[in-house]
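What follows is one structure encoded as structure tokens, with my remarks underneath.
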Amino acid sequence: MSGPRTLFEKIWDSHVIEEQEDGTCLLYIDRHLVHEVTSPQAFEGLRQSGRRVRRPDATLAVPDHNLPTTDRSKGIADETSRIQVETLQKNCAEFGIPLFDALDIRQGIVHVIGPEQGFTLPGTTIVCGDSHTSTHGAFGALAFGIGTSEVEHVLATQTLLQKRPKTMRIRVEGELPLGVTAKDVILAIIGKIGTAGGTGHVIEYAGEVVRGLSMEGRMTVCNMSIEAGARAGLVAPDDKTYAYLAGRPMAPKGALWEQAVAYWRTLPSDEGARYDREVVLDASEIEPLVTWGTSPQDVAPISGRVPDPAAETDPQRRAAMERALAYMGLEPGTPIAEIRIDTVFIGSCTNGRIEDLRAVAKIVEGRRVAPHVRALVVPGSGLVKHQAEEEGIDRILLDAGFEWREPGCSMCLAMNPDKLSPGERCASTSNRNFEGRQGKGGRTHLVSPAMAAAAAIEGRFTDVREFL
Amino acid sequence: MQPFRRLEGIAAPLPMVNVDTDKIIPAHWLKTIKRTGLGVGLFETLRYREDGSENPDFVLNREPWRRARILIAGENFGCGSSREHAPWALLDFGIRCVIAPSFADIFFNNCFKNGILPIVLPRETVDALMAEAETSPEPVFTIDLERQLILRPSGNAPVRFEVDPFKRHCLLEGLDDIGLTLKKAHEIEAYEEALRREKPWLFRPAA
Ligand code: SF4
């Protein structure tokens, strides 16, 4: 028998159907999420070769990237977006795949609805043609993004050909200071290990701080594993995980639930299990963070300054920094708290869940968005939106001057009409600050929901702790 | 998939690190439901100016590199999203090989599925090849996948590269993964049967 194993190893081992001599594994896939952007060519491939979908019951589809976040009943004005969403509808009908369509209250960002429905379960393999599939790792699942060819492969065979990744454990120990959130934790991790720091690895997040995070917080952390270059990120399931899942529409019920939980309890890494790499962070050193550049590793504490490329010795990296600062329209040495913003975007699969909206409401209640700032809230799903409305969060936000929108990806990647214009500067709760990510020439600063809320009020970055 | 055995072509130097998939192909190009026609959008923001005209400073707009079939870039090439539109755009432009010190995982995988060979080499070697691509009058390299060698325009010693044996085999033969996997239908069925017994809850997501 094998020795102590990690959570990742337990999941991996139980999903290998066959291993070739060179280590390539045929891996069984338990859950497959599908959205409109990365699937049309996969379905077309199936059609051309006369193949069917092997397990429609293990597949769930939703449009999210292209949907407008204003009144949906009028349909989609942009023709190419509309065709892409209609193509998903047709493909799901033809291949028998369950679909939460645009007007379904269960519609939302693919990585928000999976957990919300209990489609995401511990110990499973979950894939989607989307890099932020890592989000689902918060439930102790091995969840990773794939390309469209692989989407077709999973549709046709319910498997993937994969090589075993390496393992890394990142422990965040100590206690998080007041005002420091899950988003700051993951930004701090990426700042420390770099955007390629996790390449080839699956990260297990552990330690006191991670145990203490809510499921929403764990999803935020796992979500951005890909920004650290990792294949996937995961957190061991525990009672919080089971409490979150219990009673969800697609989660097991009754005796099956008991049986599932008993199995899930065997999943956490064994004492003495070994990782290829270990990283430890001291939570007490983490401050609220803001990105200053065009890579998620470009982080600075709110008390800090924009760095100086002249201090970088590697010429390629220095060139990258100079380019980033030119693009961002920032001077070296500028205090982060002096950077004025034009726009605030609250949403995305990183921070578009109910807890995130509550955090924003808490900061802005009884305050007003600065007059020059456009502030948008896009809930992660129809159900998140509904719950926020039940709690009166929409009122608080509207009263403060935020726009309250329909759910979807929206300004996270600007495939729908929500875009930044050239030079527009945005405090965003999303996950990528690449050039042009939120619209051509748009300048993105990644922050936590609370920090974005505080920035909306002040019209510039500001330390959220002054609002608490 | 078109087999990849030997590729002879011009290599373009792109000395940038962390070239992300949004840079390779911006999101608005992702609305297509086809795999072809993305070449014009490749590196859009670097390649074109505000008014839509070509940016003469960008390497792929200059001779001889506008005919490039090979790209030589900095570390962590292809980071970001899983969009296979990135390799599709490269392919549509005519690029079938990317050389860099490191790649992001999903992009790396996606390349092989489309007959593009991503080659990882030590930073110093990449820098040397990049310099050759930059300065040779006719920077034609030959990528010999069978022998795992890069032949250089300078005539300097060929560079050997490593590649996963299974992926190499698939590229050389132009094999379709799905076809290969479907030969394992029996094994997949057997696995599923056992799964139904051991984890029955996975089969009843009551929608
Ligand atoms: S919210 Fe953003 S990161 Fe998440 S799936 Fe949508 S586009 Fe991708």
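Starting from 1 in every chain, residues are counted up; chains themselves are A, B, ... following the order of the structure tokens, and ligands are numbered from 1 as listed.
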Using only C-alpha atoms and all ligand atoms, tabulate the residues of chain B lying at most 12 Å from any atom of ligand 1, each with its closest atom pair and that distance in Å to one decimal, by chain and increasing residue number, as CSV.
residue,atom,partner,partner_atom_place_in_ligand_line,distance
B:Asp22,CA,ligand 1,7 (S),11.4
B:Ala27,CA,ligand 1,7 (S),9.2
B:His28,CA,ligand 1,7 (S),11.8
B:Leu30,CA,ligand 1,7 (S),11.3
B:Gly80,CA,ligand 1,3 (S),9.6
B:Ser81,CA,ligand 1,8 (Fe),7.7
B:Ser82,CA,ligand 1,8 (Fe),9.5
B:Arg83,CA,ligand 1,8 (Fe),10.3
With chain A as the partner and 8 Å as the cut-off, tabulate the residues of chain B that qualify, each row holding the nearest pair of atoms and their distance in Å to one decimal, using only C-alpha atoms, sorted by chain and rising number, as a Markdown table.
| residue | atom | partner | partner_atom | distance |
| --- | --- | --- | --- | --- |
| B:Pro15 | CA | A:Gln316 | CA | 7.0 |
| B:Met16 | CA | A:Gln316 | CA | 6.5 |
| B:Val17 | CA | A:Gln316 | CA | 6.7 |
| B:Asn18 | CA | A:Ser295 | CA | 7.9 |
| B:Asp20 | CA | A:Phe434 | CA | 7.4 |
| B:Asp22 | CA | A:Arg437 | CA | 6.6 |
| B:Lys23 | CA | A:Glu435 | CA | 7.1 |
| B:Pro26 | CA | A:Gly436 | CA | 7.5 |
| B:Ala27 | CA | A:Met415 | CA | 6.1 |
| B:His28 | CA | A:Met415 | CA | 5.7 |
| B:Leu30 | CA | A:Val37 | CA | 6.5 |
| B:Lys31 | CA | A:Thr80 | CA | 5.9 |
| B:Thr32 | CA | A:Thr80 | CA | 7.1 |
| B:Ile33 | CA | A:Pro40 | CA | 5.3 |
| B:Lys34 | CA | A:Gln41 | CA | 5.9 |
| B:Arg35 | CA | A:Gln41 | CA | 6.6 |
| B:Gly74 | CA | A:Gln316 | CA | 7.7 |
| B:Asn76 | CA | A:Ala196 | CA | 6.2 |
| B:Cys79 | CA | A:Gly229 | CA | 7.2 |
| B:Gly80 | CA | A:Glu227 | CA | 6.8 |
| B:Ser81 | CA | A:Ser131 | CA | 5.2 |
| B:Ser82 | CA | A:Ser131 | CA | 5.0 |
| B:Arg83 | CA | A:Gly147 | CA | 6.0 |
| B:Glu84 | CA | A:Gly147 | CA | 5.2 |
| B:Ala104 | CA | A:Gly229 | CA | 6.4 |
| B:Asp105 | CA | A:Gly200 | CA | 6.4 |
| B:Ile106 | CA | A:Ile146 | CA | 6.4 |
| B:Phe107 | CA | A:Gly147 | CA | 7.9 |
| B:Asn110 | CA | A:Gly147 | CA | 5.9 |
| B:Lys113 | CA | A:Ser149 | CA | 6.5 |
| B:Pro165 | CA | A:Asp22 | CA | 7.2 |
| B:Phe166 | CA | A:Asp22 | CA | 7.2 |
| B:Asp177 | CA | A:His153 | CA | 7.5 |
| B:Ile178 | CA | A:His153 | CA | 5.6 |
| B:Thr181 | CA | A:Thr157 | CA | 7.2 |
| B:Leu182 | CA | A:Thr157 | CA | 6.7 |
| B:Ala185 | CA | A:Thr157 | CA | 7.9 |
| B:Glu187 | CA | A:Ile17 | CA | 6.9 |
| B:Ile188 | CA | A:Ile17 | CA | 6.9 |
| B:Tyr191 | CA | A:Ile17 | CA | 6.6 |
| B:Lys199 | CA | A:Ala260 | CA | 7.3 |
| B:Pro200 | CA | A:Leu256 | CA | 7.3 |
| B:Trp201 | CA | A:Pro252 | CA | 5.6 |
| B:Leu202 | CA | A:Asp30 | CA | 7.3 |
| B:Phe203 | CA | A:Asp57 | CA | 7.3 |
| B:Arg204 | CA | A:Pro252 | CA | 7.2 |
| B:Pro205 | CA | A:Met250 | CA | 4.4 |
| B:Ala206 | CA | A:Met250 | CA | 5.3 |
| B:Ala207 | CA | A:Met250 | CA | 6.2 |
For the selection you just gave me, I'd like the residues written to a file as a short mmCIF file (atom, residue, chain, number, x, y, z; two decimals), in the first residue's frame, keeping N, CA and C atoms.
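As written to disk, selection.cif reads:
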data_model
loop_
_atom_site.label_atom_id
_atom_site.label_comp_id
_atom_site.auth_asym_id
_atom_site.auth_seq_id
_atom_site.Cartn_x
_atom_site.Cartn_y
_atom_site.Cartn_z
N PRO B 15 10.82 39.69 -27.61
CA PRO B 15 11.48 39.66 -26.30
C PRO B 15 10.60 40.22 -25.19
N MET B 16 9.43 39.60 -24.98
CA MET B 16 8.52 40.06 -23.92
C MET B 16 8.26 38.90 -22.98
N VAL B 17 8.15 39.21 -21.68
CA VAL B 17 7.80 38.17 -20.72
C VAL B 17 6.30 38.20 -20.44
N ASN B 18 5.77 37.11 -19.93
CA ASN B 18 4.35 37.02 -19.56
C ASN B 18 3.41 37.48 -20.68
N ASP B 20 0.39 37.36 -22.36
CA ASP B 20 -0.83 36.68 -21.95
C ASP B 20 -1.75 36.43 -23.13
N ASP B 22 -4.76 37.32 -23.57
CA ASP B 22 -5.51 38.51 -24.01
C ASP B 22 -4.68 39.31 -25.01
N LYS B 23 -3.36 39.27 -24.85
CA LYS B 23 -2.49 39.98 -25.78
C LYS B 23 -2.39 39.21 -27.10
N PRO B 26 -7.29 39.34 -28.31
CA PRO B 26 -8.20 40.00 -27.37
C PRO B 26 -9.60 39.39 -27.37
N ALA B 27 -10.32 39.62 -26.26
CA ALA B 27 -11.59 38.93 -26.00
C ALA B 27 -12.64 39.11 -27.09
N HIS B 28 -12.65 40.28 -27.77
CA HIS B 28 -13.75 40.46 -28.72
C HIS B 28 -13.66 39.50 -29.90
N LEU B 30 -13.22 36.44 -29.48
CA LEU B 30 -13.69 35.15 -28.97
C LEU B 30 -15.16 34.89 -29.27
N LYS B 31 -15.78 35.83 -29.95
CA LYS B 31 -17.20 35.64 -30.23
C LYS B 31 -17.44 34.74 -31.43
N THR B 32 -16.37 34.34 -32.08
CA THR B 32 -16.53 33.50 -33.26
C THR B 32 -16.98 32.09 -32.85
N ILE B 33 -17.66 31.42 -33.75
CA ILE B 33 -17.99 30.02 -33.48
C ILE B 33 -17.16 29.10 -34.39
N LYS B 34 -16.13 29.70 -35.02
CA LYS B 34 -15.25 28.92 -35.89
C LYS B 34 -13.83 28.90 -35.33
N ARG B 35 -13.01 28.04 -35.91
CA ARG B 35 -11.61 27.98 -35.48
C ARG B 35 -10.71 28.82 -36.39
N GLY B 74 9.77 35.51 -24.53
CA GLY B 74 10.25 35.46 -23.15
C GLY B 74 9.46 34.47 -22.30
N ASN B 76 7.12 32.44 -19.53
CA ASN B 76 5.68 32.36 -19.19
C ASN B 76 4.79 32.79 -20.35
N CYS B 79 0.28 32.91 -20.76
CA CYS B 79 -0.39 32.87 -19.46
C CYS B 79 -1.78 33.50 -19.58
N GLY B 80 -2.64 33.16 -18.63
CA GLY B 80 -3.98 33.72 -18.65
C GLY B 80 -5.02 32.68 -18.98
N SER B 81 -5.89 33.02 -19.90
CA SER B 81 -7.10 32.23 -20.09
C SER B 81 -6.83 30.94 -20.86
N SER B 82 -7.87 30.09 -20.87
CA SER B 82 -7.74 28.78 -21.52
C SER B 82 -8.08 28.86 -23.00
N ARG B 83 -8.40 30.05 -23.49
CA ARG B 83 -8.89 30.20 -24.87
C ARG B 83 -8.00 29.52 -25.89
N GLU B 84 -8.57 28.57 -26.59
CA GLU B 84 -7.80 27.91 -27.64
C GLU B 84 -7.70 28.82 -28.87
N ALA B 104 2.77 28.85 -20.02
CA ALA B 104 1.67 28.54 -19.12
C ALA B 104 1.08 27.19 -19.54
N ASP B 105 0.62 26.42 -18.55
CA ASP B 105 0.22 25.03 -18.78
C ASP B 105 -0.87 24.83 -19.83
N ILE B 106 -1.96 25.59 -19.70
CA ILE B 106 -3.11 25.31 -20.58
C ILE B 106 -2.75 25.65 -22.03
N PHE B 107 -2.10 26.80 -22.20
CA PHE B 107 -1.68 27.19 -23.55
C PHE B 107 -0.77 26.13 -24.15
N ASN B 110 -2.79 23.25 -25.25
CA ASN B 110 -3.63 23.61 -26.40
C ASN B 110 -2.83 23.60 -27.71
N LYS B 113 -2.66 20.23 -29.38
CA LYS B 113 -3.93 19.77 -29.97
C LYS B 113 -4.16 20.39 -31.33
N PRO B 165 7.21 12.29 -25.06
CA PRO B 165 7.20 11.28 -26.13
C PRO B 165 5.82 11.05 -26.74
N PHE B 166 4.79 11.01 -25.88
CA PHE B 166 3.44 10.76 -26.40
C PHE B 166 2.97 11.92 -27.26
N ASP B 177 -6.57 12.87 -30.60
CA ASP B 177 -6.68 12.31 -29.24
C ASP B 177 -7.98 11.56 -29.01
N ILE B 178 -9.06 12.14 -29.50
CA ILE B 178 -10.37 11.56 -29.20
C ILE B 178 -10.47 10.17 -29.82
N THR B 181 -8.59 7.84 -27.63
CA THR B 181 -9.26 7.55 -26.36
C THR B 181 -10.46 6.64 -26.57
N LEU B 182 -11.17 6.83 -27.68
CA LEU B 182 -12.36 6.01 -27.90
C LEU B 182 -12.02 4.52 -28.06
N ALA B 185 -12.83 2.52 -24.95
CA ALA B 185 -14.23 2.57 -24.50
C ALA B 185 -14.52 1.51 -23.44
N GLU B 187 -12.50 0.18 -21.18
CA GLU B 187 -11.92 0.58 -19.90
C GLU B 187 -12.76 1.68 -19.26
N ILE B 188 -13.21 2.61 -20.09
CA ILE B 188 -14.02 3.71 -19.54
C ILE B 188 -15.33 3.16 -18.99
N TYR B 191 -14.75 1.45 -15.70
CA TYR B 191 -14.52 2.44 -14.64
C TYR B 191 -15.86 3.02 -14.19
N LYS B 199 -19.57 5.33 -5.81
CA LYS B 199 -19.97 6.73 -5.57
C LYS B 199 -21.28 7.01 -6.29
N PRO B 200 -22.34 6.34 -5.87
CA PRO B 200 -23.61 6.47 -6.62
C PRO B 200 -24.13 7.90 -6.66
N TRP B 201 -23.72 8.72 -5.68
CA TRP B 201 -24.24 10.10 -5.65
C TRP B 201 -23.81 10.93 -6.84
N LEU B 202 -22.76 10.48 -7.52
CA LEU B 202 -22.28 11.26 -8.66
C LEU B 202 -23.17 11.08 -9.88
N PHE B 203 -24.10 10.17 -9.81
CA PHE B 203 -24.93 9.89 -10.98
C PHE B 203 -26.32 10.48 -10.84
N ARG B 204 -26.57 11.17 -9.74
CA ARG B 204 -27.94 11.68 -9.56
C ARG B 204 -28.00 13.17 -9.27
N PRO B 205 -27.38 13.97 -10.08
CA PRO B 205 -27.59 15.40 -9.83
C PRO B 205 -28.98 15.77 -10.33
N ALA B 206 -29.99 15.66 -9.46
CA ALA B 206 -31.36 15.93 -9.87
C ALA B 206 -31.47 17.38 -10.33
N ALA B 207 -31.59 17.59 -11.63
CA ALA B 207 -31.61 18.96 -12.17
C ALA B 207 -32.94 19.65 -11.89
#
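In this comparison, which uses only C-alpha atoms, the residue of B:Ala68, B:Phe161, B:Asn61, B:Phe43 approaching Pro101 in chain B most closely is B:Phe161.
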List every residue of range 133-375 of chain A that DSSP, applied to the backbone, labels as strand (DSSP E), and write the result as a PDB file with C-alpha atoms, in the first residue's frame.
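Result saved to states_39.pdb:
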ATOM      1  CA  LEU A 142      -9.611  18.734  -8.566  1.00  0.00           C
ATOM      2  CA  ALA A 143     -10.883  21.425 -10.893  1.00  0.00           C
ATOM      3  CA  PHE A 144      -9.007  22.832 -13.834  1.00  0.00           C
ATOM      4  CA  GLY A 145      -9.444  24.755 -17.052  1.00  0.00           C
ATOM      5  CA  THR A 159     -12.067  11.593 -19.874  1.00  0.00           C
ATOM      6  CA  LEU A 160      -8.898  13.555 -20.495  1.00  0.00           C
ATOM      7  CA  LEU A 161      -5.318  12.608 -21.237  1.00  0.00           C
ATOM      8  CA  GLN A 162      -3.207  14.249 -18.566  1.00  0.00           C
ATOM      9  CA  LYS A 163       0.202  14.034 -16.976  1.00  0.00           C
ATOM     10  CA  LYS A 166       3.481  18.389  -9.192  1.00  0.00           C
ATOM     11  CA  THR A 167       2.147  19.394  -5.806  1.00  0.00           C
ATOM     12  CA  MET A 168       2.652  22.527  -3.791  1.00  0.00           C
ATOM     13  CA  ARG A 169       1.279  23.421  -0.399  1.00  0.00           C
ATOM     14  CA  ILE A 170       0.813  27.035   0.547  1.00  0.00           C
ATOM     15  CA  ARG A 171       0.126  27.540   4.206  1.00  0.00           C
ATOM     16  CA  VAL A 172      -1.145  30.853   5.425  1.00  0.00           C
ATOM     17  CA  GLU A 173      -0.571  30.922   9.151  1.00  0.00           C
ATOM     18  CA  HIS A 201       1.679  22.393  -9.965  1.00  0.00           C
ATOM     19  CA  VAL A 202      -1.561  21.860  -8.155  1.00  0.00           C
ATOM     20  CA  ILE A 203      -1.642  24.062  -5.075  1.00  0.00           C
ATOM     21  CA  GLU A 204      -3.226  22.985  -1.824  1.00  0.00           C
ATOM     22  CA  TYR A 205      -4.063  25.988   0.349  1.00  0.00           C
ATOM     23  CA  ALA A 206      -3.804  25.209   4.025  1.00  0.00           C
ATOM     24  CA  ALA A 232      -5.480  24.001 -10.003  1.00  0.00           C
ATOM     25  CA  GLY A 233      -5.852  25.058  -6.398  1.00  0.00           C
ATOM     26  CA  LEU A 234      -7.677  23.216  -3.687  1.00  0.00           C
ATOM     27  CA  ARG A 277       7.147  22.466  -2.820  1.00  0.00           C
ATOM     28  CA  GLU A 278       6.011  24.252   0.325  1.00  0.00           C
ATOM     29  CA  VAL A 279       5.433  27.954   0.817  1.00  0.00           C
ATOM     30  CA  VAL A 280       4.432  29.631   4.058  1.00  0.00           C
ATOM     31  CA  LEU A 281       2.943  33.093   4.471  1.00  0.00           C
ATOM     32  CA  ASP A 282       2.549  34.988   7.689  1.00  0.00           C
ATOM     33  CA  LEU A 289      -3.376  45.176  -1.647  1.00  0.00           C
ATOM     34  CA  VAL A 290      -3.762  46.978  -4.960  1.00  0.00           C
ATOM     35  CA  THR A 291      -2.163  45.952  -8.259  1.00  0.00           C
ATOM     36  CA  VAL A 299       0.961  44.087  -6.158  1.00  0.00           C
ATOM     37  CA  ALA A 300       1.593  46.866  -3.677  1.00  0.00           C
ATOM     38  CA  PRO A 301       0.142  47.461  -0.214  1.00  0.00           C
ATOM     39  CA  THR A 343     -14.716  53.376 -12.406  1.00  0.00           C
ATOM     40  CA  VAL A 344     -15.445  50.640  -9.898  1.00  0.00           C
ATOM     41  CA  PHE A 345     -16.403  47.144 -10.961  1.00  0.00           C
ATOM     42  CA  ILE A 346     -17.760  44.770  -8.332  1.00  0.00           C
ATOM     43  CA  ARG A 374     -19.041  55.245 -12.279  1.00  0.00           C
ATOM     44  CA  ALA A 375     -19.697  52.259 -10.012  1.00  0.00           C
TER      45      ALA A 375
END
>> Give me, as JSON, numbers by chain, the residues of range 101-302 of chain A that a backbone DSSP run labels alpha helix (DSSP H).
In response: {"A": [110, 111, 112, 113, 114, 115, 116, 117, 148, 149, 150, 151, 152, 153, 154, 155, 156, 157, 182, 183, 184, 185, 186, 187, 188, 189, 190, 191, 192, 193, 208, 209, 210, 211, 212, 215, 216, 217, 218, 219, 220, 221, 222, 223, 239, 240, 241, 242, 243, 244, 245, 254, 255, 256, 257, 258, 259, 260, 261, 262, 263, 264]}
Leaving out Gly392 in chain A and any residue of its chain fewer than 4 positions from it, which residues lie within 12 Å of it when counting only C-alpha atoms, given as a PDB file with N, CA, C and O atoms, in the first residue's frame?
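Written file, around-v8.pdb:
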ATOM      1  N   ILE A 354     -22.439  36.373  -2.711  1.00  0.00           N
ATOM      2  CA  ILE A 354     -23.221  37.139  -1.745  1.00  0.00           C
ATOM      3  C   ILE A 354     -22.344  37.791  -0.680  1.00  0.00           C
ATOM      4  O   ILE A 354     -22.538  38.953  -0.316  1.00  0.00           O
ATOM      5  N   LEU A 357     -20.864  40.969  -1.893  1.00  0.00           N
ATOM      6  CA  LEU A 357     -21.804  42.081  -1.971  1.00  0.00           C
ATOM      7  C   LEU A 357     -22.108  42.617  -0.571  1.00  0.00           C
ATOM      8  O   LEU A 357     -22.259  43.827  -0.374  1.00  0.00           O
ATOM      9  N   ARG A 358     -22.155  41.694   0.397  1.00  0.00           N
ATOM     10  CA  ARG A 358     -22.361  42.148   1.781  1.00  0.00           C
ATOM     11  C   ARG A 358     -21.191  43.025   2.235  1.00  0.00           C
ATOM     12  O   ARG A 358     -21.387  44.043   2.906  1.00  0.00           O
ATOM     13  N   ALA A 361     -21.626  46.416   0.735  1.00  0.00           N
ATOM     14  CA  ALA A 361     -22.734  47.145   1.361  1.00  0.00           C
ATOM     15  C   ALA A 361     -22.321  47.699   2.721  1.00  0.00           C
ATOM     16  O   ALA A 361     -22.681  48.821   3.103  1.00  0.00           O
ATOM     17  N   LYS A 362     -21.546  46.905   3.434  1.00  0.00           N
ATOM     18  CA  LYS A 362     -21.121  47.320   4.773  1.00  0.00           C
ATOM     19  C   LYS A 362     -20.297  48.622   4.712  1.00  0.00           C
ATOM     20  O   LYS A 362     -20.441  49.496   5.568  1.00  0.00           O
ATOM     21  N   GLU A 365     -22.744  51.721   3.071  1.00  0.00           N
ATOM     22  CA  GLU A 365     -24.023  52.061   3.683  1.00  0.00           C
ATOM     23  C   GLU A 365     -23.958  53.478   4.278  1.00  0.00           C
ATOM     24  O   GLU A 365     -23.074  53.809   5.073  1.00  0.00           O
ATOM     25  N   LYS A 385     -28.139  37.564  -6.918  1.00  0.00           N
ATOM     26  CA  LYS A 385     -28.856  38.835  -7.056  1.00  0.00           C
ATOM     27  C   LYS A 385     -30.134  38.799  -6.220  1.00  0.00           C
ATOM     28  O   LYS A 385     -30.419  39.731  -5.453  1.00  0.00           O
ATOM     29  N   HIS A 386     -30.853  37.702  -6.350  1.00  0.00           N
ATOM     30  CA  HIS A 386     -32.121  37.553  -5.627  1.00  0.00           C
ATOM     31  C   HIS A 386     -31.879  37.631  -4.113  1.00  0.00           C
ATOM     32  O   HIS A 386     -32.570  38.353  -3.390  1.00  0.00           O
ATOM     33  N   GLN A 387     -30.875  36.896  -3.660  1.00  0.00           N
ATOM     34  CA  GLN A 387     -30.612  36.897  -2.218  1.00  0.00           C
ATOM     35  C   GLN A 387     -30.221  38.291  -1.727  1.00  0.00           C
ATOM     36  O   GLN A 387     -30.671  38.747  -0.676  1.00  0.00           O
ATOM     37  N   ALA A 388     -29.385  38.975  -2.507  1.00  0.00           N
ATOM     38  CA  ALA A 388     -28.968  40.327  -2.124  1.00  0.00           C
ATOM     39  C   ALA A 388     -30.192  41.234  -2.017  1.00  0.00           C
ATOM     40  O   ALA A 388     -30.284  42.072  -1.112  1.00  0.00           O
ATOM     41  N   ILE A 396     -29.185  49.526  -0.523  1.00  0.00           N
ATOM     42  CA  ILE A 396     -28.019  50.224   0.048  1.00  0.00           C
ATOM     43  C   ILE A 396     -27.087  50.682  -1.070  1.00  0.00           C
ATOM     44  O   ILE A 396     -26.614  51.824  -1.092  1.00  0.00           O
ATOM     45  N   LEU A 397     -26.862  49.784  -2.028  1.00  0.00           N
ATOM     46  CA  LEU A 397     -25.935  50.103  -3.112  1.00  0.00           C
ATOM     47  C   LEU A 397     -26.508  51.170  -4.042  1.00  0.00           C
ATOM     48  O   LEU A 397     -25.810  52.104  -4.437  1.00  0.00           O
ATOM     49  N   LEU A 398     -27.769  51.023  -4.376  1.00  0.00           N
ATOM     50  CA  LEU A 398     -28.403  52.018  -5.255  1.00  0.00           C
ATOM     51  C   LEU A 398     -28.411  53.386  -4.577  1.00  0.00           C
ATOM     52  O   LEU A 398     -28.100  54.405  -5.208  1.00  0.00           O
ATOM     53  N   ASP A 399     -28.741  53.413  -3.289  1.00  0.00           N
ATOM     54  CA  ASP A 399     -28.763  54.685  -2.553  1.00  0.00           C
ATOM     55  C   ASP A 399     -27.392  55.348  -2.535  1.00  0.00           C
ATOM     56  O   ASP A 399     -27.277  56.572  -2.509  1.00  0.00           O
TER      57      ASP A 399
END
> Quick one: residues within 9 Å of Ile109 in chain A, only C-alpha atoms counted, chain neighbours fewer than 6 positions away excluded, as a list in words?
Replying inline: His35, Val62, Pro63, Asp64, His65, Ser348, Cys349, Gly352, Pro379, Gly380, Ser381, Pro407, Gly408 and Cys409 of chain A
Could you save the residues just selected, with N, CA and C atoms, as a short mmCIF file (atom, residue, chain, number, x, y, z; two decimals), in the first residue's frame?
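What follows is the written file selection-v8.cif:
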data_model
loop_
_atom_site.label_atom_id
_atom_site.label_comp_id
_atom_site.auth_asym_id
_atom_site.auth_seq_id
_atom_site.Cartn_x
_atom_site.Cartn_y
_atom_site.Cartn_z
N HIS A 35 -19.68 26.77 -21.19
CA HIS A 35 -20.26 28.08 -21.49
C HIS A 35 -20.14 28.38 -22.98
N VAL A 62 -24.23 26.98 -19.30
CA VAL A 62 -24.81 28.29 -18.99
C VAL A 62 -24.12 29.36 -19.84
N PRO A 63 -24.86 30.31 -20.38
CA PRO A 63 -24.21 31.44 -21.04
C PRO A 63 -23.86 32.49 -19.98
N ASP A 64 -22.70 33.07 -20.05
CA ASP A 64 -22.32 34.07 -19.05
C ASP A 64 -21.47 35.22 -19.60
N HIS A 65 -20.55 34.91 -20.50
CA HIS A 65 -19.59 35.92 -20.96
C HIS A 65 -20.23 37.02 -21.82
N SER A 348 -17.62 39.39 -10.98
CA SER A 348 -16.76 38.32 -11.51
C SER A 348 -16.82 37.06 -10.66
N CYS A 349 -16.23 36.00 -11.22
CA CYS A 349 -16.20 34.73 -10.50
C CYS A 349 -15.24 34.77 -9.32
N GLY A 352 -17.95 37.85 -6.96
CA GLY A 352 -19.33 38.22 -7.32
C GLY A 352 -20.37 37.45 -6.50
N PRO A 379 -23.89 41.06 -9.92
CA PRO A 379 -23.90 39.84 -9.11
C PRO A 379 -23.46 38.63 -9.94
N GLY A 380 -22.89 37.64 -9.24
CA GLY A 380 -22.35 36.47 -9.94
C GLY A 380 -23.40 35.56 -10.53
N SER A 381 -24.61 35.61 -10.00
CA SER A 381 -25.68 34.76 -10.54
C SER A 381 -27.03 35.39 -10.22
N PRO A 407 -26.83 39.46 -13.77
CA PRO A 407 -25.62 38.66 -13.56
C PRO A 407 -24.88 38.24 -14.83
N GLY A 408 -23.57 38.10 -14.71
CA GLY A 408 -22.73 37.63 -15.82
C GLY A 408 -21.29 38.04 -15.61
N CYS A 409 -20.48 37.78 -16.62
CA CYS A 409 -19.05 38.10 -16.53
C CYS A 409 -18.80 39.60 -16.67
#
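Interatomic distance, CA of Glu9 in chain A against CA of Glu192 in chain B: 19.9 Å.
Note that the spacing between CA of Gly9 in chain B and CA of Trp29 in chain B amounts to 26.9 Å.
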